[in-house]
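A.B. asks: Got a structure for you, upload_2.csv, holding CSV, C-alpha atoms.
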```csv
chain,number,residue,atom,x,y,z
C,1,PHE,CA,27.2,28.3,-35.2
C,2,PHE,CA,24.3,26.8,-37.0
C,3,PHE,CA,23.2,23.2,-36.6
C,4,SER,CA,21.3,21.3,-39.2
C,5,SER,CA,20.3,17.7,-38.5
C,6,ASN,CA,17.3,16.5,-40.5
C,7,PHE,CA,15.7,13.1,-41.1
C,8,PRO,CA,15.5,12.0,-44.8
C,9,PRO,CA,12.8,9.7,-46.1
C,10,ALA,CA,13.2,6.1,-47.1
C,11,THR,CA,15.0,6.4,-50.5
C,12,SER,CA,15.4,3.8,-53.2
C,13,THR,CA,19.1,4.3,-53.7
C,14,VAL,CA,21.3,1.8,-55.4
C,15,SER,CA,23.0,0.9,-52.2
C,16,VAL,CA,19.7,0.1,-50.5
C,17,THR,CA,18.1,-1.8,-53.4
C,18,GLN,CA,21.1,-4.0,-53.9
C,19,ASN,CA,19.6,-6.0,-51.0
C,20,ARG,CA,16.8,-7.9,-52.7
C,21,THR,CA,14.7,-8.0,-49.6
C,22,PHE,CA,14.7,-4.2,-49.3
C,23,ALA,CA,14.0,-3.8,-53.0
C,24,TRP,CA,11.0,-6.2,-52.8
C,25,ALA,CA,9.7,-4.5,-49.6
C,26,TYR,CA,10.1,-1.0,-51.2
C,27,GLU,CA,7.9,-2.2,-54.1
C,28,GLY,CA,5.1,-3.2,-51.7
C,29,MET,CA,5.3,-0.2,-49.3
C,30,PRO,CA,3.0,2.2,-51.3
C,31,TYR,CA,0.1,-0.1,-50.4
C,32,PHE,CA,0.5,1.0,-46.8
C,33,LYS,CA,-0.6,4.7,-46.9
C,34,PRO,CA,0.9,7.2,-46.2
C,35,TYR,CA,4.3,5.5,-46.7
C,36,GLU,CA,6.2,6.7,-49.7
C,37,ILE,CA,9.6,5.6,-51.0
C,38,SER,CA,11.4,8.6,-52.6
C,39,ALA,CA,13.6,8.6,-55.6
C,40,PRO,CA,17.2,9.7,-54.9
C,41,SER,CA,16.7,13.0,-56.8
C,42,THR,CA,13.7,13.9,-54.7
C,43,SER,CA,15.4,13.2,-51.4
C,44,ASN,CA,18.5,15.1,-52.5
C,45,SER,CA,16.5,18.1,-53.6
C,46,VAL,CA,14.3,18.3,-50.5
C,47,MET,CA,17.1,17.6,-48.0
C,48,SER,CA,19.2,20.4,-49.7
C,49,ALA,CA,16.3,22.8,-49.5
C,50,ILE,CA,15.9,22.0,-45.7
C,51,LEU,CA,19.6,22.5,-45.2
C,52,PHE,CA,19.5,25.9,-47.0
C,53,TYR,CA,16.5,26.8,-44.9
C,54,ASP,CA,18.4,25.9,-41.7
C,55,LEU,CA,21.4,27.9,-42.7
C,56,ASN,CA,19.6,31.0,-43.9
C,57,ASP,CA,16.4,31.5,-42.0
C,58,PRO,CA,16.8,33.1,-38.5
C,59,ALA,CA,13.5,31.3,-37.4
C,60,SER,CA,14.9,27.8,-38.2
C,61,ALA,CA,15.3,25.3,-35.4
C,62,GLY,CA,19.0,25.0,-36.3
C,63,ASN,CA,19.6,28.6,-35.4
C,64,PRO,CA,21.1,28.8,-31.9
C,65,LYS,CA,19.0,31.9,-31.2
C,66,THR,CA,15.8,29.9,-31.7
C,67,LYS,CA,14.4,28.8,-28.3
C,68,LEU,CA,13.6,25.1,-28.2
C,69,ASN,CA,11.8,23.6,-25.2
C,70,ASN,CA,13.8,20.4,-25.7
C,71,PRO,CA,17.0,19.8,-27.8
C,72,ASN,CA,15.2,17.0,-29.6
C,73,GLN,CA,12.8,19.5,-31.2
C,74,ILE,CA,15.5,20.2,-33.8
C,75,PHE,CA,14.5,16.8,-35.3
C,76,GLN,CA,10.8,17.6,-35.0
C,77,PHE,CA,11.1,20.6,-37.3
C,78,GLY,CA,13.6,19.3,-39.8
C,79,SER,CA,12.3,16.0,-41.1
C,80,PHE,CA,11.0,14.8,-44.4
C,81,ASN,CA,9.9,11.4,-43.3
C,82,GLY,CA,7.9,10.1,-46.2
C,83,GLY,CA,4.9,9.2,-44.0
C,84,CYS,CA,6.6,6.9,-41.6
C,85,TRP,CA,5.7,8.9,-38.5
C,86,ARG,CA,2.1,9.3,-39.6
C,87,CYS,CA,1.3,5.7,-40.4
C,88,ALA,CA,-0.4,3.3,-38.1
C,89,TYR,CA,2.2,0.6,-38.8
C,90,GLU,CA,5.9,0.4,-38.0
C,91,VAL,CA,8.2,-0.4,-40.8
C,92,ASP,CA,9.3,-3.6,-39.1
C,93,SER,CA,5.8,-4.9,-38.9
C,94,ILE,CA,4.9,-4.4,-42.6
C,95,GLY,CA,8.1,-5.5,-44.3
C,96,GLU,CA,7.1,-9.1,-44.9
C,97,ALA,CA,3.6,-8.1,-46.0
C,98,SER,CA,5.1,-5.6,-48.4
C,99,VAL,CA,7.2,-8.4,-50.0
C,100,LEU,CA,4.1,-10.6,-50.3
C,101,ILE,CA,2.2,-7.9,-51.9
C,102,TYR,CA,5.0,-7.3,-54.4
C,103,PHE,CA,5.2,-11.0,-55.3
C,104,SER,CA,1.4,-11.3,-55.6
C,105,ARG,CA,1.4,-8.4,-58.0
C,106,ILE,CA,4.1,-10.1,-60.1
C,107,ALA,CA,2.4,-13.5,-60.0
C,108,ALA,CA,-1.1,-12.3,-60.8
C,109,PRO,CA,-0.9,-12.9,-64.6
C,110,TYR,CA,0.5,-16.3,-64.1
C,111,VAL,CA,-2.1,-17.3,-61.6
C,112,GLY,CA,-4.8,-16.3,-64.1
C,113,ILE,CA,-3.2,-18.4,-66.8
C,114,VAL,CA,-2.9,-21.4,-64.5
C,115,ALA,CA,-6.5,-21.0,-63.5
C,116,ALA,CA,-7.7,-20.8,-67.1
C,117,ALA,CA,-5.6,-23.9,-68.1
C,118,SER,CA,-6.9,-25.8,-65.1
C,119,ALA,CA,-10.5,-24.9,-65.9
C,120,ALA,CA,-9.9,-26.1,-69.5
C,121,VAL,CA,-8.5,-29.4,-68.3
C,122,ILE,CA,-11.3,-30.0,-65.9
C,123,ALA,CA,-13.9,-29.2,-68.6
C,124,LYS,CA,-12.3,-31.6,-70.9
C,125,PHE,CA,-12.1,-34.3,-68.2
C,126,LEU,CA,-15.8,-33.9,-67.3
C,127,GLY,CA,-16.8,-34.0,-70.9
C,128,TYR,CA,-18.0,-30.5,-71.4
C,129,VAL,CA,-15.7,-29.9,-74.3
```
Write the structure described by the file as C-alpha cells, please.

C.D. replies:
Amino acid sequence: FFFSSNFPPATSTVSVTQNRTFAWAYEGMPYFKPYEISAPSTSNSVMSAILFYDLNDPASAGNPKTKLNNPNQIFQFGSFNGGCWRCAYEVDSIGEASVLIYFSRIAAPYVGIVAAASAAVIAKFLGYV
C-alpha cells in the first residue's frame, strides 16, 4: 500500500485566526523572510497535488518500492513548509516580534497625527505661531 504523509504550511484558516494572538502574529510573519502564511485555497491545492503525486508516481517517497535510507525521509520529500525550515528564526522566537510589527503598522498613521499635533502645540506654546 502507498503511504502519503506530508507537512502543510502555516495556513490562515478560520479556526487558526479565531485566536487573536495567532491572527496578529500571522500578519507580522511576512517581515521575516522566507516565512509565508498561505491562504486556505493555496494549501488545499498544493497538498492535494502532493497527495496525487504520492499516489500516482512510482518514484514518490510514499511508494513502498522506493528505497529510503531512513523512514523519516518520507517527510523530507513531501513537505510544503512555507519557508519555516529555511528561516534563521524559529516560529516560537518571532511570535512576539510579529505581533509588535503588526501593531506598529496599524498605529503608524496615529503616531504621525499625534506627532503633528504635539509639534503644533509646542510651536504655539513657544510663540512661533

A.B. asks: In the coordinates of the file, take the point (13.6, 30.0, -35.8) and a cut-off of 12 Å; then, counting all atoms listed in the file, name each qualifying protein, DNA or RNA residue as an MDAnalysis selection string.

C.D. replies: chainID C and resid 2:3 53:68 73:74 77:78

A.B. asks: How many Å lie between atom CA of Ala25 of chain C and atom CA of Asp92 of chain C, rounded to one decimal?

C.D. replies: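 Interatomic distance, atom CA of Ala25 of chain C to atom CA of Asp92 of chain C: 10.5 Å.
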
A.B. asks: So that I can check the surroundings of Ile94 of chain C, please list as a list in words every protein, DNA and RNA residue that reaches within 12 Å of it, counting only C-alpha atoms and ignoring chain neighbours fewer than 2 positions away.

C.D. replies: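 Everything that qualifies: Phe22, Ala25, Tyr26, Gly28, Met29, Pro30, Tyr31, Phe32, Lys33, Tyr35, Cys84, Cys87, Ala88, Tyr89, Glu90, Val91, Asp92, Glu96, Ala97, Ser98, Val99, Leu100 and Ile101 of chain C.
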
A.B. asks: What is the atom CA of Ser4 of chain C-atom CA of Phe52 of chain C distance in Å, reported with one decimal?

C.D. replies: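 Separating atom CA of Ser4 of chain C from atom CA of Phe52 of chain C is a distance of 9.2 Å.
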
A.B. asks: Show which residues sit within 12 Å of Val46 of chain C, as a PDB file with C-alpha atoms, keeping the file's coordinate frame. Count all atoms listed in the file, and ignore same-chain residues fewer than 3 positions away.

C.D. replies:
```
ATOM      1  CA  ASN C   6      17.300  16.500 -40.500  1.00  0.00           C
ATOM      2  CA  PHE C   7      15.700  13.100 -41.100  1.00  0.00           C
ATOM      3  CA  PRO C   8      15.500  12.000 -44.800  1.00  0.00           C
ATOM      4  CA  PRO C   9      12.800   9.700 -46.100  1.00  0.00           C
ATOM      5  CA  THR C  11      15.000   6.400 -50.500  1.00  0.00           C
ATOM      6  CA  SER C  38      11.400   8.600 -52.600  1.00  0.00           C
ATOM      7  CA  ALA C  39      13.600   8.600 -55.600  1.00  0.00           C
ATOM      8  CA  PRO C  40      17.200   9.700 -54.900  1.00  0.00           C
ATOM      9  CA  SER C  41      16.700  13.000 -56.800  1.00  0.00           C
ATOM     10  CA  THR C  42      13.700  13.900 -54.700  1.00  0.00           C
ATOM     11  CA  SER C  43      15.400  13.200 -51.400  1.00  0.00           C
ATOM     12  CA  ALA C  49      16.300  22.800 -49.500  1.00  0.00           C
ATOM     13  CA  ILE C  50      15.900  22.000 -45.700  1.00  0.00           C
ATOM     14  CA  LEU C  51      19.600  22.500 -45.200  1.00  0.00           C
ATOM     15  CA  PHE C  52      19.500  25.900 -47.000  1.00  0.00           C
ATOM     16  CA  TYR C  53      16.500  26.800 -44.900  1.00  0.00           C
ATOM     17  CA  GLY C  78      13.600  19.300 -39.800  1.00  0.00           C
ATOM     18  CA  SER C  79      12.300  16.000 -41.100  1.00  0.00           C
ATOM     19  CA  PHE C  80      11.000  14.800 -44.400  1.00  0.00           C
ATOM     20  CA  ASN C  81       9.900  11.400 -43.300  1.00  0.00           C
ATOM     21  CA  GLY C  82       7.900  10.100 -46.200  1.00  0.00           C
TER      22      GLY C  82
END
```

A.B. asks: Pick the closest to Ala10 of chain C from C:Gly83, C:Trp24, C:Gly112, C:Asn69: which is it, counting only C-alpha atoms?

C.D. replies: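 Checking each candidate against Ala10 of chain C, we get C:Gly83 as the closest.
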
A.B. asks: Between atom CA of Tyr102 of chain C and atom CA of Thr21 of chain C, what is the distance, to one decimal in Å?

C.D. replies: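 Computed distance, atom CA of Tyr102 of chain C to atom CA of Thr21 of chain C, equals 10.8 Å.
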